[in-house]
$ cat work_7.tsv   # TSV, C-alpha atoms
chain	number	residue	atom	x	y	z
Z	11	MET	CA	56.53	-162.88	74.93
Z	12	ASN	CA	58.22	-160.14	76.93
Z	13	ILE	CA	57.25	-156.50	76.76
Z	14	ASP	CA	60.38	-155.51	74.82
Z	15	GLU	CA	59.49	-157.95	72.04
Z	16	TRP	CA	56.04	-156.36	71.91
Z	17	ARG	CA	57.58	-152.91	71.67
Z	18	ASN	CA	59.69	-154.07	68.74
Z	19	LYS	CA	56.50	-155.05	66.91
Z	20	GLY	CA	55.17	-151.50	66.99
Z	21	ARG	CA	56.02	-147.90	66.28
Z	22	PHE	CA	55.19	-144.43	67.54
Z	23	ILE	CA	52.77	-142.12	65.74
Z	24	ASN	CA	52.49	-138.42	66.52
Z	25	VAL	CA	48.89	-137.64	67.47
Z	26	ASN	CA	48.16	-134.02	68.36
Z	27	GLY	CA	51.74	-133.60	69.53
Z	28	TYR	CA	51.91	-136.80	71.61
Z	29	ALA	CA	53.71	-140.07	70.85
Z	30	VAL	CA	51.19	-142.92	70.65
Z	31	PHE	CA	52.44	-146.51	70.46
Z	32	VAL	CA	50.69	-148.70	67.90
Z	33	VAL	CA	51.06	-152.27	66.64
Z	34	GLU	CA	49.78	-153.09	63.16
Z	35	GLU	CA	49.78	-156.67	62.00
Z	36	GLY	CA	48.05	-158.63	59.26
Z	37	GLU	CA	47.48	-158.38	55.53
Z	38	ALA	CA	46.45	-154.98	54.19
Z	39	SER	CA	43.80	-156.62	52.02
Z	40	LYS	CA	41.85	-157.84	55.06
Z	41	PRO	CA	39.30	-155.75	57.01
Z	42	ASN	CA	40.75	-153.53	59.72
Z	43	LEU	CA	40.15	-154.46	63.36
Z	44	LEU	CA	40.68	-151.37	65.53
Z	45	VAL	CA	41.28	-152.44	69.12
Z	46	LEU	CA	40.76	-150.41	72.32
Z	47	HIS	CA	42.41	-152.00	75.36
Z	48	GLY	CA	41.49	-151.94	79.03
Z	49	TYR	CA	42.75	-150.53	82.34
Z	50	PRO	CA	45.32	-150.72	83.90
Z	51	THR	CA	47.03	-152.67	81.16
Z	52	SER	CA	47.91	-151.91	77.52
Z	53	SER	CA	47.88	-153.20	73.96
Z	54	PHE	CA	50.05	-156.07	75.28
Z	55	ASP	CA	46.75	-157.66	76.41
Z	56	TYR	CA	46.37	-158.91	72.83
Z	57	HIS	CA	49.78	-160.49	72.29
Z	58	MET	CA	48.37	-164.03	72.64
Z	59	ALA	CA	45.34	-163.38	70.44
Z	60	LEU	CA	47.10	-161.42	67.70
Z	61	PRO	CA	48.27	-164.42	65.61
Z	62	LEU	CA	44.70	-165.76	65.61
Z	63	LEU	CA	43.03	-162.43	64.86
Z	64	THR	CA	45.24	-161.83	61.82
Z	65	LYS	CA	43.67	-164.84	60.10
Z	66	HIS	CA	40.71	-162.59	59.34
Z	67	PHE	CA	41.88	-159.04	60.01
Z	68	LYS	CA	44.56	-156.47	59.76
Z	69	VAL	CA	44.80	-155.61	63.46
Z	70	ILE	CA	45.58	-152.10	64.68
Z	71	VAL	CA	45.97	-151.85	68.47
Z	72	HIS	CA	47.43	-148.87	70.30
Z	73	ASP	CA	48.22	-147.86	73.85
Z	74	HIS	CA	45.89	-145.15	75.12
Z	75	LEU	CA	47.72	-142.00	76.13
Z	76	GLY	CA	49.23	-142.55	79.59
Z	77	PHE	CA	49.25	-146.35	79.18
Z	78	GLY	CA	51.90	-148.82	78.06
Z	79	PHE	CA	54.52	-147.26	75.82
Z	80	SER	CA	52.47	-144.21	74.79
Z	81	GLU	CA	53.51	-140.81	76.07
Z	82	LYS	CA	52.51	-139.87	79.60
Z	83	PRO	CA	52.20	-136.08	79.81
Z	84	GLU	CA	51.65	-134.83	83.34
Z	85	ASN	CA	49.66	-131.78	82.28
Z	86	TYR	CA	46.76	-133.68	80.71
Z	87	SER	CA	43.18	-134.50	81.68
Z	88	TYR	CA	43.12	-138.18	80.62
Z	89	SER	CA	39.39	-137.90	80.03
Z	90	LEU	CA	37.79	-140.82	78.20
Z	91	ILE	CA	36.57	-138.20	75.73
Z	92	ASP	CA	40.18	-137.22	75.04
Z	93	GLN	CA	41.12	-140.88	74.62
Z	94	ALA	CA	38.36	-141.25	72.01
Z	95	ASN	CA	39.69	-138.19	70.17
Z	96	ILE	CA	43.22	-139.65	70.24
Z	97	ALA	CA	41.99	-142.97	68.82
Z	98	LEU	CA	40.04	-141.32	66.01
Z	99	GLN	CA	42.92	-139.04	65.10
Z	100	LEU	CA	45.39	-141.93	65.20
Z	101	TRP	CA	43.27	-143.95	62.76
Z	102	GLN	CA	43.04	-140.95	60.45
Z	103	ASN	CA	46.81	-140.44	60.67
Z	104	LEU	CA	47.21	-144.08	59.61
Z	105	SER	CA	44.93	-143.39	56.61
Z	106	ILE	CA	42.35	-145.90	57.82
Z	107	LYS	CA	39.09	-145.46	55.95
Z	108	SER	CA	37.01	-148.20	57.58
Z	109	GLY	CA	37.09	-151.04	60.08
Z	110	TYR	CA	35.47	-152.91	62.93
Z	111	VAL	CA	36.07	-151.45	66.41
Z	112	LEU	CA	36.70	-153.94	69.22
Z	113	ALA	CA	36.81	-152.81	72.84
Z	114	HIS	CA	37.36	-154.32	76.28
Z	115	ASP	CA	37.05	-152.90	79.81
Z	116	TYR	CA	38.15	-149.21	79.85
Z	117	GLY	CA	38.17	-149.35	76.07
Z	118	THR	CA	34.39	-149.89	75.98
Z	119	SER	CA	33.85	-146.42	77.43
Z	120	VAL	CA	36.25	-144.93	74.89
Z	121	LEU	CA	34.13	-146.75	72.30
Z	122	THR	CA	30.85	-145.35	73.62
Z	123	GLU	CA	32.21	-141.81	73.20
Z	124	ILE	CA	33.08	-142.70	69.60
Z	125	VAL	CA	29.51	-144.02	69.21
Z	126	ALA	CA	28.08	-140.80	70.69
Z	127	LYS	CA	30.08	-138.78	68.16
Z	128	TRP	CA	28.84	-141.11	65.39
Z	129	ASN	CA	25.23	-140.57	66.46
Z	130	PHE	CA	25.77	-136.80	66.23
Z	131	GLY	CA	27.12	-137.20	62.69
Z	132	PHE	CA	30.86	-137.01	63.36
Z	133	ARG	CA	32.13	-139.93	61.28
Z	134	PRO	CA	35.79	-139.49	60.30
Z	135	ILE	CA	36.04	-143.18	59.40
Z	136	ASN	CA	33.44	-145.71	58.34
Z	137	ILE	CA	32.70	-148.12	61.19
Z	138	ASN	CA	31.60	-151.53	59.87
Z	139	GLY	CA	30.50	-152.77	63.28
Z	140	LEU	CA	31.24	-152.83	67.00
Z	141	ILE	CA	32.51	-155.69	69.16
Z	142	LEU	CA	32.59	-155.05	72.89
Z	143	GLY	CA	32.72	-156.98	76.11
Z	144	ASN	CA	33.51	-157.10	79.81
Z	145	GLY	CA	33.49	-153.39	80.38
Z	146	SER	CA	31.75	-151.61	83.25
Z	147	LEU	CA	29.46	-149.63	80.97
Z	148	LEU	CA	26.48	-149.97	83.28
Z	149	ILE	CA	28.19	-148.35	86.21
Z	150	ASP	CA	25.27	-148.94	88.58
Z	151	LYS	CA	25.85	-152.70	88.27
Z	152	VAL	CA	29.63	-152.83	88.45
Z	153	LYS	CA	31.30	-154.64	91.38
Z	154	LEU	CA	34.37	-152.47	91.87
Z	155	LEU	CA	37.34	-153.87	93.76
Z	156	PHE	CA	38.30	-152.12	96.99
Z	157	VAL	CA	41.47	-150.79	95.38
Z	158	GLN	CA	39.43	-149.35	92.49
Z	159	ARG	CA	37.26	-147.43	94.93
Z	160	LEU	CA	40.36	-146.04	96.62
Z	161	LEU	CA	41.81	-144.99	93.28
Z	162	MET	CA	38.60	-143.07	92.49
Z	163	ASN	CA	39.29	-140.85	95.51
Z	164	LYS	CA	41.35	-137.79	94.51
Z	165	LYS	CA	43.15	-137.77	97.87
Z	166	MET	CA	43.64	-141.49	98.43
Z	167	GLY	CA	44.39	-142.40	94.81
Z	168	PRO	CA	47.88	-140.85	94.69
Z	169	VAL	CA	48.74	-142.47	98.05
Z	170	VAL	CA	47.67	-145.92	96.83
Z	171	VAL	CA	49.72	-145.50	93.65
Z	172	LYS	CA	52.78	-144.28	95.53
Z	173	LEU	CA	52.70	-147.16	98.03
Z	174	GLY	CA	51.59	-149.81	95.54
Z	175	THR	CA	53.91	-152.73	94.90
Z	176	GLU	CA	54.08	-155.30	92.12
Z	177	ARG	CA	53.02	-157.97	94.61
Z	178	TYR	CA	49.80	-156.08	95.38
Z	179	PHE	CA	49.22	-155.49	91.65
Z	180	GLN	CA	49.66	-159.21	90.94
Z	181	TYR	CA	47.29	-160.12	93.77
Z	182	ASN	CA	44.49	-157.92	92.44
Z	183	MET	CA	45.00	-158.95	88.83
Z	184	LYS	CA	45.02	-162.67	89.61
Z	185	ASN	CA	41.62	-162.31	91.26
Z	186	LEU	CA	40.22	-161.35	87.84
Z	187	TRP	CA	41.05	-164.79	86.42
Z	188	TRP	CA	38.51	-167.58	86.87
Z	189	ASP	CA	41.06	-170.29	86.11
Z	190	LYS	CA	43.96	-169.21	88.30
Z	191	SER	CA	46.23	-171.80	86.68
Z	192	LYS	CA	46.12	-169.72	83.49
Z	193	TYR	CA	47.16	-166.50	85.19
Z	194	PRO	CA	50.20	-165.17	83.23
Z	195	LYS	CA	52.33	-163.92	86.10
Z	196	PHE	CA	55.35	-163.17	83.91
Z	197	GLU	CA	53.28	-161.15	81.42
Z	198	MET	CA	51.64	-159.23	84.26
Z	199	SER	CA	55.06	-158.41	85.68
Z	200	GLN	CA	55.95	-157.01	82.24
Z	201	ILE	CA	52.78	-154.89	82.21
Z	202	TYR	CA	53.60	-153.61	85.70
Z	203	LYS	CA	57.14	-152.79	84.59
Z	204	VAL	CA	55.90	-150.41	81.91
Z	205	GLY	CA	52.43	-149.37	83.10
Z	206	LEU	CA	53.46	-148.58	86.65
Z	207	SER	CA	57.01	-147.39	86.12
Z	208	LYS	CA	58.27	-144.34	87.98
Z	209	GLU	CA	57.20	-142.17	85.04
Z	210	ALA	CA	53.79	-143.86	84.77
Z	211	LYS	CA	53.02	-143.48	88.48
Z	212	LYS	CA	53.08	-139.70	88.05
Z	213	VAL	CA	49.98	-139.83	85.83
Z	214	PHE	CA	48.32	-143.02	87.09
Z	215	PRO	CA	46.11	-141.25	89.68
Z	216	LYS	CA	44.57	-139.19	86.85
Z	217	LEU	CA	44.08	-142.29	84.71
Z	218	SER	CA	42.25	-143.93	87.59
Z	219	LEU	CA	39.49	-141.31	87.84
Z	220	TYR	CA	37.70	-142.51	84.70
Z	221	ASN	CA	34.85	-144.25	86.56
Z	222	HIS	CA	33.53	-140.83	87.57
Z	223	GLU	CA	32.98	-140.07	83.89
Z	224	ARG	CA	30.94	-143.26	83.50
Z	225	TYR	CA	28.44	-141.73	85.92
Z	226	LYS	CA	28.64	-138.21	84.51
Z	227	PHE	CA	28.18	-139.16	80.86
Z	228	PHE	CA	25.86	-142.13	81.31
Z	229	ASN	CA	23.07	-140.58	79.24
Z	230	ARG	CA	25.43	-139.45	76.48
Z	231	TRP	CA	27.24	-142.80	76.29
Z	232	ILE	CA	24.48	-145.30	77.06
Z	233	ASN	CA	20.89	-144.01	76.88
Z	234	ASN	CA	21.50	-141.63	73.96
Z	235	GLY	CA	24.59	-143.40	72.65
Z	236	LEU	CA	24.86	-147.17	72.63
Z	237	TYR	CA	21.11	-147.73	72.97
Z	238	LYS	CA	20.33	-145.50	69.98
Z	239	THR	CA	23.11	-146.29	67.56
Z	240	ASP	CA	22.46	-147.67	64.08
Z	241	LEU	CA	25.84	-149.42	64.05
Z	242	PRO	CA	25.84	-153.25	64.12
Z	243	LEU	CA	26.57	-154.22	67.71
Z	244	ASN	CA	28.21	-157.48	68.79
Z	245	ILE	CA	28.70	-158.34	72.45
Z	246	TYR	CA	30.98	-161.00	73.96
Z	247	TRP	CA	31.01	-161.57	77.71
Z	248	ALA	CA	33.09	-163.77	79.98
Z	249	ASP	CA	30.58	-165.00	82.54
Z	250	LYS	CA	32.87	-165.30	85.57
Z	251	ASP	CA	34.01	-161.68	85.56
Z	252	PRO	CA	33.89	-160.48	89.19
Z	253	ILE	CA	33.74	-156.77	88.22
Z	254	ALA	CA	31.80	-156.38	84.95
Z	255	VAL	CA	29.29	-159.02	85.95
Z	256	ILE	CA	27.28	-161.10	83.48
Z	257	ALA	CA	24.06	-159.23	84.34
Z	258	MET	CA	25.46	-156.30	82.35
Z	259	ALA	CA	25.60	-158.35	79.16
Z	260	HIS	CA	21.98	-159.41	79.52
Z	261	GLU	CA	20.83	-155.84	80.20
Z	262	LEU	CA	22.72	-154.56	77.15
Z	263	LYS	CA	21.08	-157.25	75.03
Z	264	GLU	CA	17.65	-156.43	76.45
Z	265	ASN	CA	18.04	-152.74	75.61
Z	266	ILE	CA	19.57	-153.38	72.18
Z	267	PRO	CA	17.46	-156.26	70.81
Z	268	ALA	CA	19.20	-156.22	67.40
Z	269	SER	CA	22.60	-156.88	69.00
Z	270	ASN	CA	24.36	-160.23	68.94
Z	271	LEU	CA	25.49	-161.75	72.25
Z	272	GLN	CA	27.90	-164.61	72.88
Z	273	ILE	CA	28.77	-165.81	76.38
Z	274	LEU	CA	32.21	-167.24	77.20
Z	275	LYS	CA	31.63	-169.80	79.94
Z	276	ASP	CA	33.94	-170.19	82.92
Z	277	VAL	CA	36.26	-167.33	81.95
Z	278	GLY	CA	37.22	-164.23	83.93
Z	279	HIS	CA	37.68	-160.55	83.15
Z	280	TYR	CA	40.53	-160.88	80.61
Z	281	PRO	CA	39.28	-163.52	78.14
Z	282	MET	CA	41.89	-162.59	75.51
Z	283	LEU	CA	44.56	-163.65	78.01
Z	284	GLU	CA	42.81	-166.41	79.95
Z	285	ALA	CA	41.26	-168.14	76.92
Z	286	PRO	CA	42.63	-166.49	73.75
Z	287	GLU	CA	41.50	-169.16	71.29
Z	288	LEU	CA	37.98	-169.30	72.72
Z	289	TRP	CA	37.80	-165.51	72.78
Z	290	CYS	CA	38.97	-165.17	69.16
Z	291	ASN	CA	36.56	-167.85	67.97
Z	292	THR	CA	33.76	-166.02	69.77
Z	293	VAL	CA	34.65	-162.78	67.97
Z	294	PHE	CA	34.69	-164.66	64.66
Z	295	LYS	CA	31.32	-166.25	65.41
Z	296	LEU	CA	29.76	-162.87	66.20
Z	297	LEU	CA	30.87	-161.62	62.79
Z	298	ASN	CA	29.92	-164.86	60.98
Z	299	LEU	CA	33.54	-165.61	60.09
Z	300	LYS	CA	34.87	-169.17	59.85
$ encode --input "work_7.tsv" --output "structure tokens"
Amino acid sequence: MNIDEWRNKGRFINVNGYAVFVVEEGEASKPNLLVLHGYPTSSFDYHMALPLLTKHFKVIVHDHLGFGFSEKPENYSYSLIDQANIALQLWQNLSIKSGYVLAHDYGTSVLTEIVAKWNFGFRPININGLILGNGSLLIDKVKLLFVQRLLMNKKMGPVVVKLGTERYFQYNMKNLWWDKSKYPKFEMSQIYKVGLSKEAKKVFPKLSLYNHERYKFFNRWINNGLYKTDLPLNIYWADKDPIAVIAMAHELKENIPASNLQILKDVGHYPMLEAPELWCNTVFKLLNLK
């Protein structure tokens, strides 16, 4: 599928004055699955998995502000807290009353802010359960790529973005796949086309500072958030992820004994793209769906 076909699947919703791109697919009678995508990609990450997910869910997946087809205002903080607010408001604008929230990578930190709000009693929708995986939640254990460390630097980040090429983007992304033969080069070129367009590059340095917040809000999001929530927690983890390493999954499970954990063997950082059927079946297994 090309990125234009994906765009034709979705629509734009006004959220607090900004245009947010969202794809909704599946029968309205089925439970809602509210999906939070990763960095530096977009909702397009789920184009392979979507036909499988809709067997059990109505899927709602949007592009975070600044990503994919969503609006990219230059005068904006792009805090993960803001992204959580955008997601919650979007779901309310869509009249969603309840659903499961599924998150990957960057999306897991957006999710932990939603969990922190939930723990404080802010519950604009009813969350049936959480499904998360392969996100660098435990920032002390993450194995950041060299380019990620450069992007975290306020001075170097804009330079890296300005000089970055699609070839360099493809090189770094391919290293996140365990089975390189499954690397979707065409799809990644489509993601680059939209996510790192001339317009997108103006805001990309701000988007890339999010790892600082993972340090700053660690207690809010992890110790007093994820580790203390009463929400049912389900964890999937691709074991060959070079960034969000498997040790994170085991530590999360250790600190949240009531959580469910399923390991995807011999899969890299983007399991929904590298092994979509295995990934979907793992999600279904976590939720006891057949």
$ closest_residue --input "work_7.tsv" --among "Z:Leu63, Z:Ile149, Z:Ile106, Z:Met58" --to "Lys226 in chain Z" --atoms "all atoms listed in the file"
Z:Ile149
$ closest_residue --input "work_7.tsv" --among "Z:Leu147, Z:Ala113, Z:Val293, Z:Leu217" --to "Lys164 in chain Z" --atoms "only C-alpha atoms"
Z:Leu217
$ axis_aligned_box --input "work_7.tsv" --around "range 210-219 of chain Z" --padding-each-side "3 Å" --output "lines of an AutoDock Vina configuration file"
center_x = 46.6
center_y = -141.6
center_z = 87.2
size_x = 20.3
size_y = 10.7
size_z = 11.0
$ closest_residue --input "work_7.tsv" --among "Z:Tyr56, Z:Phe22, Z:Phe31, Z:Trp231" --to "Glu197 in chain Z" --atoms "only C-alpha atoms"
Z:Tyr56
$ residues_around --input "work_7.tsv" --residues "Pro83 in chain Z" --least-positions-apart "5" --cutoff "10 Å" --atoms "all atoms listed in the file" --output "ChimeraX atom specification"
/Z:28-29,75-76,88,209-210,212-213
$ closest_residue --input "work_7.tsv" --among "Z:Ile135, Z:Ala97, Z:Leu112, Z:Val25" --to "Leu44 in chain Z" --atoms "all atoms listed in the file"
Z:Leu112
$ residues_around --input "work_7.tsv" --residues "Asn136 in chain Z" --least-positions-apart "6" --cutoff "10 Å" --atoms "all atoms listed in the file" --output "list in words"
Ile106, Lys107, Ser108, Gly109, Tyr110 and Trp128 of chain Z
$ atom_distance --input "work_7.tsv" --atom1 "CA of Lys295 in chain Z" --atom2 "CA of Ile266 in chain Z"
18.7 Å
$ atom_distance --input "work_7.tsv" --atom1 "CA of Val45 in chain Z" --atom2 "CA of Val69 in chain Z"
7.4 Å
$ residues_around --input "work_7.tsv" --residues "range 274-283 of chain Z" --least-positions-apart "2" --cutoff "6 Å" --atoms "all atoms listed in the file" --output "tab-separated table (two decimals) with C-alpha atoms, in the coordinates of the input"
chain	number	residue	atom	x	y	z
Z	186	LEU	CA	40.22	-161.35	87.84
Z	187	TRP	CA	41.05	-164.79	86.42
Z	188	TRP	CA	38.51	-167.58	86.87
Z	247	TRP	CA	31.01	-161.57	77.71
Z	248	ALA	CA	33.09	-163.77	79.98
Z	249	ASP	CA	30.58	-165.00	82.54
Z	250	LYS	CA	32.87	-165.30	85.57
Z	251	ASP	CA	34.01	-161.68	85.56
Z	285	ALA	CA	41.26	-168.14	76.92
Z	286	PRO	CA	42.63	-166.49	73.75
Z	289	TRP	CA	37.80	-165.51	72.78
$ residues_around --input "work_7.tsv" --residues "range 199-202 of chain Z" --least-positions-apart "5" --cutoff "9 Å" --atoms "only C-alpha atoms" --output "list in words"
Asn12, Ile13, Asp14, Pro50, Thr51, Ser52, Phe54, Asp55, Gly78, Glu176, Phe179, Gln180, Pro194 and Ser207 of chain Z
$ atom_distance --input "work_7.tsv" --atom1 "CA of Cys290 in chain Z" --atom2 "CA of Leu271 in chain Z"
14.2 Å
